[in-house]
file coords-v9.tsv (TSV, N, CA and C atoms and all ligand atoms)
chain	number	residue	atom	x	y	z
A	1	MET	N	126.04	83.93	-52.48
A	1	MET	CA	125.91	84.63	-53.77
A	1	MET	C	126.72	83.89	-54.84
A	2	PHE	N	126.10	83.70	-56.00
A	2	PHE	CA	126.78	83.05	-57.11
A	2	PHE	C	127.05	84.10	-58.20
A	3	THR	N	128.22	83.99	-58.81
A	3	THR	CA	128.60	84.91	-59.90
A	3	THR	C	129.06	84.09	-61.10
A	4	ILE	N	128.54	84.43	-62.27
A	4	ILE	CA	129.07	83.83	-63.51
A	4	ILE	C	129.51	84.96	-64.44
A	5	THR	N	130.46	84.64	-65.30
A	5	THR	CA	130.89	85.61	-66.30
A	5	THR	C	131.02	84.89	-67.64
A	6	LYS	N	130.86	85.64	-68.70
A	6	LYS	CA	131.12	85.11	-70.04
A	6	LYS	C	131.81	86.19	-70.86
A	7	GLU	N	132.78	85.72	-71.66
A	7	GLU	CA	133.61	86.65	-72.43
A	7	GLU	C	133.18	86.67	-73.90
A	8	PHE	N	133.26	87.85	-74.49
A	8	PHE	CA	132.91	88.04	-75.90
A	8	PHE	C	134.02	88.87	-76.56
A	9	HIS	N	134.17	88.71	-77.87
A	9	HIS	CA	135.26	89.39	-78.57
A	9	HIS	C	134.76	90.07	-79.83
A	10	PHE	N	135.34	91.22	-80.13
A	10	PHE	CA	135.11	91.80	-81.45
A	10	PHE	C	136.28	92.71	-81.80
A	11	SER	N	136.44	92.95	-83.09
A	11	SER	CA	137.49	93.85	-83.57
A	11	SER	C	136.82	95.03	-84.25
A	12	ALA	N	137.30	96.22	-83.93
A	12	ALA	CA	136.67	97.42	-84.51
A	12	ALA	C	137.66	98.57	-84.53
A	13	SER	N	137.37	99.53	-85.38
A	13	SER	CA	138.15	100.77	-85.40
A	13	SER	C	137.35	101.87	-84.69
A	14	HIS	N	138.06	102.88	-84.23
A	14	HIS	CA	137.37	104.06	-83.70
A	14	HIS	C	138.32	105.24	-83.67
A	15	GLN	N	137.77	106.38	-83.38
A	15	GLN	CA	138.51	107.63	-83.34
A	15	GLN	C	137.84	108.48	-82.28
A	16	LEU	N	138.58	108.83	-81.24
A	16	LEU	CA	137.99	109.67	-80.17
A	16	LEU	C	138.21	111.13	-80.56
A	17	SER	N	137.30	111.60	-81.40
A	17	SER	CA	137.48	112.90	-82.06
A	17	SER	C	137.35	114.08	-81.10
A	18	HIS	N	136.79	113.82	-79.89
A	18	HIS	CA	136.64	114.92	-78.93
A	18	HIS	C	137.97	115.23	-78.22
A	19	LEU	N	138.94	114.33	-78.37
A	19	LEU	CA	140.22	114.53	-77.68
A	19	LEU	C	141.11	115.50	-78.47
A	20	PRO	N	142.07	116.10	-77.80
A	20	PRO	CA	142.98	117.02	-78.53
A	20	PRO	C	143.65	116.31	-79.69
A	21	GLU	N	143.95	117.07	-80.73
A	21	GLU	CA	144.51	116.53	-81.96
A	21	GLU	C	145.77	115.69	-81.73
A	22	ASP	N	146.56	116.09	-80.72
A	22	ASP	CA	147.83	115.39	-80.50
A	22	ASP	C	147.67	114.15	-79.60
A	23	HIS	N	146.43	113.85	-79.18
A	23	HIS	CA	146.20	112.63	-78.38
A	23	HIS	C	146.18	111.44	-79.34
A	24	GLN	N	146.88	110.36	-78.99
A	24	GLN	CA	146.96	109.20	-79.91
A	24	GLN	C	145.58	108.65	-80.27
A	25	CYS	N	144.63	108.77	-79.35
A	25	CYS	CA	143.30	108.19	-79.61
A	25	CYS	C	142.41	109.09	-80.46
A	26	ALA	N	142.91	110.28	-80.76
A	26	ALA	CA	142.18	111.16	-81.70
A	26	ALA	C	142.44	110.71	-83.13
A	27	ARG	N	143.47	109.85	-83.29
A	27	ARG	CA	143.75	109.33	-84.64
A	27	ARG	C	142.93	108.07	-84.87
A	28	LEU	N	142.65	107.77	-86.13
A	28	LEU	CA	141.94	106.52	-86.47
A	28	LEU	C	142.81	105.34	-86.08
A	29	HIS	N	142.24	104.42	-85.28
A	29	HIS	CA	142.98	103.23	-84.87
A	29	HIS	C	141.98	102.13	-84.51
A	30	GLY	N	142.48	100.97	-84.19
A	30	GLY	CA	141.57	99.86	-83.89
A	30	GLY	C	142.01	99.06	-82.69
A	31	HIS	N	141.07	98.24	-82.19
A	31	HIS	CA	141.36	97.37	-81.05
A	31	HIS	C	140.73	96.00	-81.30
A	32	ASN	N	141.32	95.00	-80.66
A	32	ASN	CA	140.66	93.71	-80.49
A	32	ASN	C	140.00	93.75	-79.12
A	33	TYR	N	138.72	94.08	-79.12
A	33	TYR	CA	137.99	94.28	-77.87
A	33	TYR	C	137.66	92.95	-77.20
A	34	VAL	N	137.71	92.97	-75.87
A	34	VAL	CA	137.21	91.85	-75.07
A	34	VAL	C	136.13	92.42	-74.15
A	35	VAL	N	134.99	91.75	-74.10
A	35	VAL	CA	133.87	92.18	-73.25
A	35	VAL	C	133.55	91.04	-72.30
A	36	VAL	N	133.43	91.35	-71.01
A	36	VAL	CA	133.04	90.34	-70.03
A	36	VAL	C	131.75	90.80	-69.36
A	37	VAL	N	130.73	89.97	-69.46
A	37	VAL	CA	129.48	90.27	-68.78
A	37	VAL	C	129.41	89.40	-67.51
A	38	GLU	N	128.96	90.03	-66.43
A	38	GLU	CA	128.88	89.34	-65.13
A	38	GLU	C	127.43	89.30	-64.66
A	39	LEU	N	126.98	88.12	-64.21
A	39	LEU	CA	125.61	87.96	-63.68
A	39	LEU	C	125.70	87.35	-62.29
A	40	ARG	N	124.79	87.76	-61.40
A	40	ARG	CA	124.80	87.26	-60.03
A	40	ARG	C	123.41	86.85	-59.59
A	41	ALA	N	123.37	85.85	-58.69
A	41	ALA	CA	122.10	85.45	-58.09
A	41	ALA	C	122.35	84.88	-56.70
A	42	GLU	N	121.41	85.14	-55.82
A	42	GLU	CA	121.48	84.57	-54.46
A	42	GLU	C	121.24	83.07	-54.51
A	43	GLU	N	120.28	82.68	-55.36
A	43	GLU	CA	119.89	81.27	-55.46
A	43	GLU	C	120.03	80.80	-56.90
A	44	LEU	N	120.31	79.53	-57.06
A	44	LEU	CA	120.40	78.95	-58.41
A	44	LEU	C	119.01	78.52	-58.88
A	45	ASN	N	118.85	78.48	-60.20
A	45	ASN	CA	117.57	77.99	-60.74
A	45	ASN	C	117.53	76.46	-60.66
A	46	VAL	N	116.45	75.87	-61.14
A	46	VAL	CA	116.27	74.41	-60.99
A	46	VAL	C	117.37	73.62	-61.71
A	47	ASP	N	118.03	74.25	-62.67
A	47	ASP	CA	119.12	73.56	-63.40
A	47	ASP	C	120.47	73.70	-62.70
A	48	GLY	N	120.48	74.47	-61.58
A	48	GLY	CA	121.76	74.71	-60.91
A	48	GLY	C	122.57	75.82	-61.54
A	49	PHE	N	121.89	76.70	-62.31
A	49	PHE	CA	122.55	77.81	-63.00
A	49	PHE	C	122.12	79.15	-62.39
A	50	VAL	N	123.02	80.14	-62.43
A	50	VAL	CA	122.56	81.54	-62.30
A	50	VAL	C	121.70	81.83	-63.52
A	51	ARG	N	122.22	81.52	-64.67
A	51	ARG	CA	121.51	81.53	-65.95
A	51	ARG	C	122.36	80.71	-66.91
A	52	ASP	N	121.74	79.95	-67.75
A	52	ASP	CA	122.47	79.14	-68.73
A	52	ASP	C	123.33	80.06	-69.61
A	53	TYR	N	124.63	79.78	-69.68
A	53	TYR	CA	125.50	80.59	-70.55
A	53	TYR	C	124.94	80.69	-71.96
A	54	GLY	N	124.30	79.62	-72.39
A	54	GLY	CA	123.75	79.58	-73.75
A	54	GLY	C	122.69	80.64	-74.00
A	55	GLU	N	122.04	81.08	-72.92
A	55	GLU	CA	121.01	82.10	-73.07
A	55	GLU	C	121.60	83.47	-73.43
A	56	LEU	N	122.93	83.59	-73.29
A	56	LEU	CA	123.58	84.88	-73.60
A	56	LEU	C	123.91	84.99	-75.09
A	57	LYS	N	123.52	83.99	-75.86
A	57	LYS	CA	123.83	84.00	-77.30
A	57	LYS	C	123.35	85.28	-78.01
A	58	PRO	N	122.18	85.83	-77.66
A	58	PRO	CA	121.77	87.07	-78.33
A	58	PRO	C	122.76	88.22	-78.14
A	59	PHE	N	123.52	88.19	-77.04
A	59	PHE	CA	124.53	89.24	-76.81
A	59	PHE	C	125.66	89.08	-77.83
A	60	LYS	N	126.05	87.84	-78.08
A	60	LYS	CA	127.09	87.58	-79.09
A	60	LYS	C	126.59	88.05	-80.46
A	61	THR	N	125.33	87.74	-80.75
A	61	THR	CA	124.77	88.15	-82.04
A	61	THR	C	124.76	89.68	-82.15
A	62	TYR	N	124.33	90.35	-81.05
A	62	TYR	CA	124.30	91.82	-81.06
A	62	TYR	C	125.71	92.38	-81.30
A	63	ILE	N	126.70	91.84	-80.58
A	63	ILE	CA	128.07	92.33	-80.73
A	63	ILE	C	128.58	92.07	-82.15
A	64	ASP	N	128.36	90.84	-82.63
A	64	ASP	CA	128.86	90.50	-83.97
A	64	ASP	C	128.23	91.39	-85.04
A	65	GLU	N	126.92	91.58	-84.93
A	65	GLU	CA	126.21	92.31	-85.99
A	65	GLU	C	126.40	93.82	-85.88
A	66	THR	N	126.59	94.32	-84.67
A	66	THR	CA	126.62	95.78	-84.49
A	66	THR	C	128.04	96.35	-84.50
A	67	PHE	N	128.99	95.59	-83.91
A	67	PHE	CA	130.32	96.16	-83.69
A	67	PHE	C	131.46	95.49	-84.44
A	68	ASP	N	131.33	94.17	-84.71
A	68	ASP	CA	132.50	93.44	-85.22
A	68	ASP	C	132.88	93.91	-86.64
A	69	HIS	N	134.15	94.26	-86.78
A	69	HIS	CA	134.70	94.75	-88.05
A	69	HIS	C	133.93	95.96	-88.58
A	70	ARG	N	133.60	96.83	-87.64
A	70	ARG	CA	132.95	98.09	-88.01
A	70	ARG	C	133.74	99.25	-87.42
A	71	HIS	N	133.39	100.47	-87.90
A	71	HIS	CA	133.97	101.70	-87.35
A	71	HIS	C	132.98	102.20	-86.30
A	72	LEU	N	133.40	102.20	-85.03
A	72	LEU	CA	132.45	102.48	-83.95
A	72	LEU	C	131.82	103.86	-84.07
A	73	ASN	N	132.56	104.81	-84.63
A	73	ASN	CA	131.99	106.15	-84.79
A	73	ASN	C	130.75	106.14	-85.70
A	74	ASP	N	130.69	105.14	-86.57
A	74	ASP	CA	129.55	105.04	-87.50
A	74	ASP	C	128.32	104.43	-86.85
A	75	VAL	N	128.53	103.67	-85.78
A	75	VAL	CA	127.40	102.89	-85.23
A	75	VAL	C	126.97	103.36	-83.84
A	76	LEU	N	127.72	104.26	-83.23
A	76	LEU	CA	127.37	104.74	-81.89
A	76	LEU	C	127.10	106.24	-81.92
A	77	ASP	N	126.21	106.68	-81.04
A	77	ASP	CA	125.94	108.12	-80.96
A	77	ASP	C	126.59	108.72	-79.71
A	78	PHE	N	127.63	108.02	-79.21
A	78	PHE	CA	128.40	108.56	-78.09
A	78	PHE	C	129.88	108.21	-78.33
A	79	ALA	N	130.76	108.87	-77.62
A	79	ALA	CA	132.20	108.60	-77.78
A	79	ALA	C	132.52	107.20	-77.27
A	80	SER	N	133.23	106.44	-78.09
A	80	SER	CA	133.45	105.02	-77.78
A	80	SER	C	134.65	104.81	-76.85
A	81	THR	N	134.62	105.50	-75.70
A	81	THR	CA	135.62	105.18	-74.68
A	81	THR	C	135.28	103.81	-74.10
A	82	GLY	N	136.24	103.18	-73.47
A	82	GLY	CA	135.97	101.89	-72.83
A	82	GLY	C	134.86	102.02	-71.81
A	83	GLU	N	134.85	103.11	-71.06
A	83	GLU	CA	133.85	103.33	-70.02
A	83	GLU	C	132.44	103.43	-70.63
A	84	ASN	N	132.32	104.24	-71.69
A	84	ASN	CA	130.99	104.39	-72.33
A	84	ASN	C	130.53	103.09	-72.97
A	85	MET	N	131.48	102.34	-73.54
A	85	MET	CA	131.12	101.05	-74.14
A	85	MET	C	130.62	100.10	-73.07
A	86	ALA	N	131.31	100.10	-71.92
A	86	ALA	CA	130.92	99.19	-70.82
A	86	ALA	C	129.50	99.53	-70.34
A	87	ARG	N	129.20	100.81	-70.20
A	87	ARG	CA	127.86	101.20	-69.74
A	87	ARG	C	126.80	100.84	-70.78
A	88	HIS	N	127.09	101.11	-72.03
A	88	HIS	CA	126.13	100.78	-73.09
A	88	HIS	C	125.84	99.27	-73.11
A	89	LEU	N	126.89	98.48	-73.03
A	89	LEU	CA	126.71	97.02	-73.11
A	89	LEU	C	126.04	96.49	-71.84
A	90	TYR	N	126.34	97.12	-70.69
A	90	TYR	CA	125.63	96.74	-69.46
A	90	TYR	C	124.12	96.98	-69.63
A	91	GLU	N	123.77	98.15	-70.14
A	91	GLU	CA	122.34	98.47	-70.27
A	91	GLU	C	121.64	97.50	-71.24
A	92	TRP	N	122.35	97.11	-72.27
A	92	TRP	CA	121.77	96.15	-73.23
A	92	TRP	C	121.49	94.83	-72.50
A	93	CYS	N	122.45	94.36	-71.73
A	93	CYS	CA	122.30	93.07	-71.02
A	93	CYS	C	121.28	93.17	-69.89
A	94	ALA	N	121.36	94.23	-69.11
A	94	ALA	CA	120.47	94.36	-67.94
A	94	ALA	C	119.01	94.45	-68.38
A	95	GLY	N	118.76	94.99	-69.56
A	95	GLY	CA	117.40	95.08	-70.08
A	95	GLY	C	116.83	93.71	-70.42
A	96	ARG	N	117.70	92.73	-70.58
A	96	ARG	CA	117.25	91.37	-70.94
A	96	ARG	C	117.41	90.37	-69.80
A	97	TRP	N	118.48	90.54	-69.02
A	97	TRP	CA	118.79	89.57	-67.97
A	97	TRP	C	118.99	90.34	-66.66
A	98	PRO	N	117.99	90.30	-65.78
A	98	PRO	CA	118.05	91.11	-64.57
A	98	PRO	C	119.19	90.73	-63.62
A	99	GLU	N	119.78	89.56	-63.84
A	99	GLU	CA	120.91	89.15	-62.98
A	99	GLU	C	122.22	89.89	-63.35
A	100	THR	N	122.20	90.67	-64.43
A	100	THR	CA	123.42	91.35	-64.86
A	100	THR	C	123.88	92.34	-63.80
A	101	THR	N	125.16	92.24	-63.41
A	101	THR	CA	125.68	93.14	-62.37
A	101	THR	C	126.79	94.05	-62.90
A	102	ALA	N	127.48	93.65	-63.95
A	102	ALA	CA	128.58	94.49	-64.46
A	102	ALA	C	128.96	94.05	-65.86
A	103	VAL	N	129.57	94.98	-66.58
A	103	VAL	CA	130.20	94.67	-67.87
A	103	VAL	C	131.57	95.33	-67.88
A	104	LYS	N	132.57	94.57	-68.32
A	104	LYS	CA	133.94	95.08	-68.44
A	104	LYS	C	134.34	95.06	-69.90
A	105	VAL	N	135.09	96.08	-70.30
A	105	VAL	CA	135.55	96.18	-71.69
A	105	VAL	C	137.05	96.40	-71.69
A	106	SER	N	137.76	95.60	-72.48
A	106	SER	CA	139.20	95.76	-72.64
A	106	SER	C	139.49	96.18	-74.08
A	107	GLU	N	140.30	97.24	-74.20
A	107	GLU	CA	140.71	97.68	-75.54
A	107	GLU	C	142.10	97.15	-75.89
A	108	THR	N	142.90	96.97	-74.86
A	108	THR	CA	144.27	96.47	-75.05
A	108	THR	C	144.53	95.44	-73.95
A	109	PRO	N	145.55	94.62	-74.10
A	109	PRO	CA	145.81	93.60	-73.06
A	109	PRO	C	146.06	94.21	-71.68
A	110	LYS	N	146.31	95.52	-71.63
A	110	LYS	CA	146.65	96.13	-70.33
A	110	LYS	C	145.54	96.97	-69.73
A	111	THR	N	144.41	97.14	-70.46
A	111	THR	CA	143.40	98.09	-69.98
A	111	THR	C	142.01	97.46	-69.88
A	112	TRP	N	141.32	97.81	-68.79
A	112	TRP	CA	139.93	97.36	-68.59
A	112	TRP	C	139.11	98.54	-68.08
A	113	ALA	N	137.91	98.70	-68.61
A	113	ALA	CA	136.94	99.66	-68.07
A	113	ALA	C	135.71	98.87	-67.65
A	114	GLU	N	135.20	99.17	-66.46
A	114	GLU	CA	134.04	98.42	-65.94
A	114	GLU	C	132.90	99.37	-65.64
A	115	TYR	N	131.67	98.96	-65.97
A	115	TYR	CA	130.47	99.66	-65.50
A	115	TYR	C	129.70	98.72	-64.59
A	116	ARG	N	129.48	99.18	-63.35
A	116	ARG	CA	128.77	98.40	-62.33
A	116	ARG	C	127.91	99.41	-61.57
A	117	PRO	N	126.63	99.49	-61.88
A	117	PRO	CA	125.84	100.56	-61.25
A	117	PRO	C	125.67	100.34	-59.74
A	201	LIG	N1	140.06	106.05	-69.27
A	201	LIG	C1	140.32	105.78	-70.58
A	201	LIG	N2	141.49	106.16	-71.10
A	201	LIG	C2	141.77	105.87	-72.39
A	201	LIG	C3	140.83	105.19	-73.19
A	201	LIG	C4	139.58	104.83	-72.62
A	201	LIG	O1	138.68	104.25	-73.27
A	201	LIG	N3	139.36	105.15	-71.32
A	201	LIG	N4	141.15	104.84	-74.47
A	201	LIG	C5	142.36	105.05	-74.97
A	201	LIG	C6	142.75	104.43	-76.30
A	201	LIG	O2	141.64	104.27	-77.15
A	201	LIG	C7	143.39	103.04	-76.16
A	201	LIG	O3	142.71	102.25	-75.26
A	201	LIG	C8	144.84	103.10	-75.83
A	201	LIG	O4	145.15	103.41	-74.50
A	201	LIG	P1	146.61	103.38	-73.87
A	201	LIG	O5	146.69	102.28	-72.86
A	201	LIG	O6	146.95	104.75	-73.37
A	201	LIG	O7	147.51	103.08	-75.14
A	201	LIG	P2	148.78	102.16	-75.35
A	201	LIG	O8	148.35	100.76	-75.56
A	201	LIG	O9	149.55	102.75	-76.45
A	201	LIG	O10	149.54	102.29	-73.97
A	201	LIG	P3	151.02	101.86	-73.60
A	201	LIG	O11	151.14	102.24	-72.16
A	201	LIG	O12	151.92	102.62	-74.50
A	201	LIG	O13	151.13	100.38	-73.82
A	201	LIG	C9	143.33	105.86	-74.24
A	201	LIG	N5	142.96	106.22	-72.91
A	202	ZN	ZN	141.14	103.27	-78.91

call {"tool": "encode", "arguments": {"input": "coords-v9.tsv", "output": "structure tokens", "more": "lines below"}}
Ligand SMILES: Nc1nc2c(c(=O)[nH]1)N=C([C@H](O)[C@H](O)COP(=O)(O)OP(=O)(O)OP(=O)(O)O)CN2
Ligand SMILES: [Zn+2]
result
Amino acid sequence: MFTITKEFHFSASHQLSHLPEDHQCARLHGHNYVVVVELRAEELNVDGFVRDYGELKPFKTYIDETFDHRHLNDVLDFASTGENMARHLYEWCAGRWPETTAVKVSETPKTWAEYRP
């Protein structure tokens, strides 16, 4: 089994308004997000790739245009927890690249949320 990963970055603000008022994440704040997409294949293609990293460029475009320097509450119809973001981004990738196996999202240098169905 072969596994490849590629990392993407964006900066955004959000507010987890469903949390109690005294929760720090209920306040408006921002993160420098890191997203890692993982793809797997039993066999390599004729180029020796699981998939060319360059083919993931539309994901960078999607992230840049949809999330970068935006307020996530304005662009998402679900609460922007790391877990929900990871699932949303996994579904976006898996709909295009069937080799997608997981997406991880980091909000801070110490935290990671992963969606792996
Ligand atoms: N399971 C989750 N818990 C939390 C999420 C999340 O998405 N999933 N999000 C947040 C906050 O938005 C943010 O990520 C901050 O989290 P936290 O690590 O608690 O904050 P600090 O960086 O201030 O933590 P320190 O331990 O003080 O460094 C919260 N929880
Ligand atoms: Zn946050």

call {"tool": "residues_near_ligand", "arguments": {"input": "coords-v9.tsv", "ligand": "ligand LIG 201 (chain A)", "cutoff": "6 Å", "atoms": "only N, CA and C atoms and all ligand atoms", "output": "ChimeraX atom specification"}}
result
/A:25,80-83,107-108

call {"tool": "closest_residue", "arguments": {"input": "coords-v9.tsv", "among": "A:Thr101, A:Pro117, A:Asn32, A:His71", "to": "Phe8 (chain A)", "atoms": "only C-alpha atoms"}}
result
A:Asn32

call {"tool": "residues_near_ligand", "arguments": {"input": "coords-v9.tsv", "ligand": "ligand ZN 202 (chain A)", "cutoff": "6.5 Å", "atoms": "only N, CA and C atoms and all ligand atoms", "output": "MDAnalysis selection string"}}
result
chainID A and resid 14:15 25 29:31

call {"tool": "closest_residue", "arguments": {"input": "coords-v9.tsv", "among": "A:Pro20, A:His88, A:Val50, A:Asp74", "to": "Phe2 (chain A)", "atoms": "all atoms listed in the file"}}
result
A:Val50

call {"tool": "select_by_dssp", "arguments": {"input": "coords-v9.tsv", "residues": "chain A", "states": "strand (DSSP E or B)", "output": "PyMOL selection string"}}
result
chain A and resi 2-14+29-41+70-71+100-108+111-115

call {"tool": "atom_distance", "arguments": {"input": "coords-v9.tsv", "atom1": "CA of Ile63 (chain A)", "atom2": "CA of Ile4 (chain A)"}}
result
19.2 Å
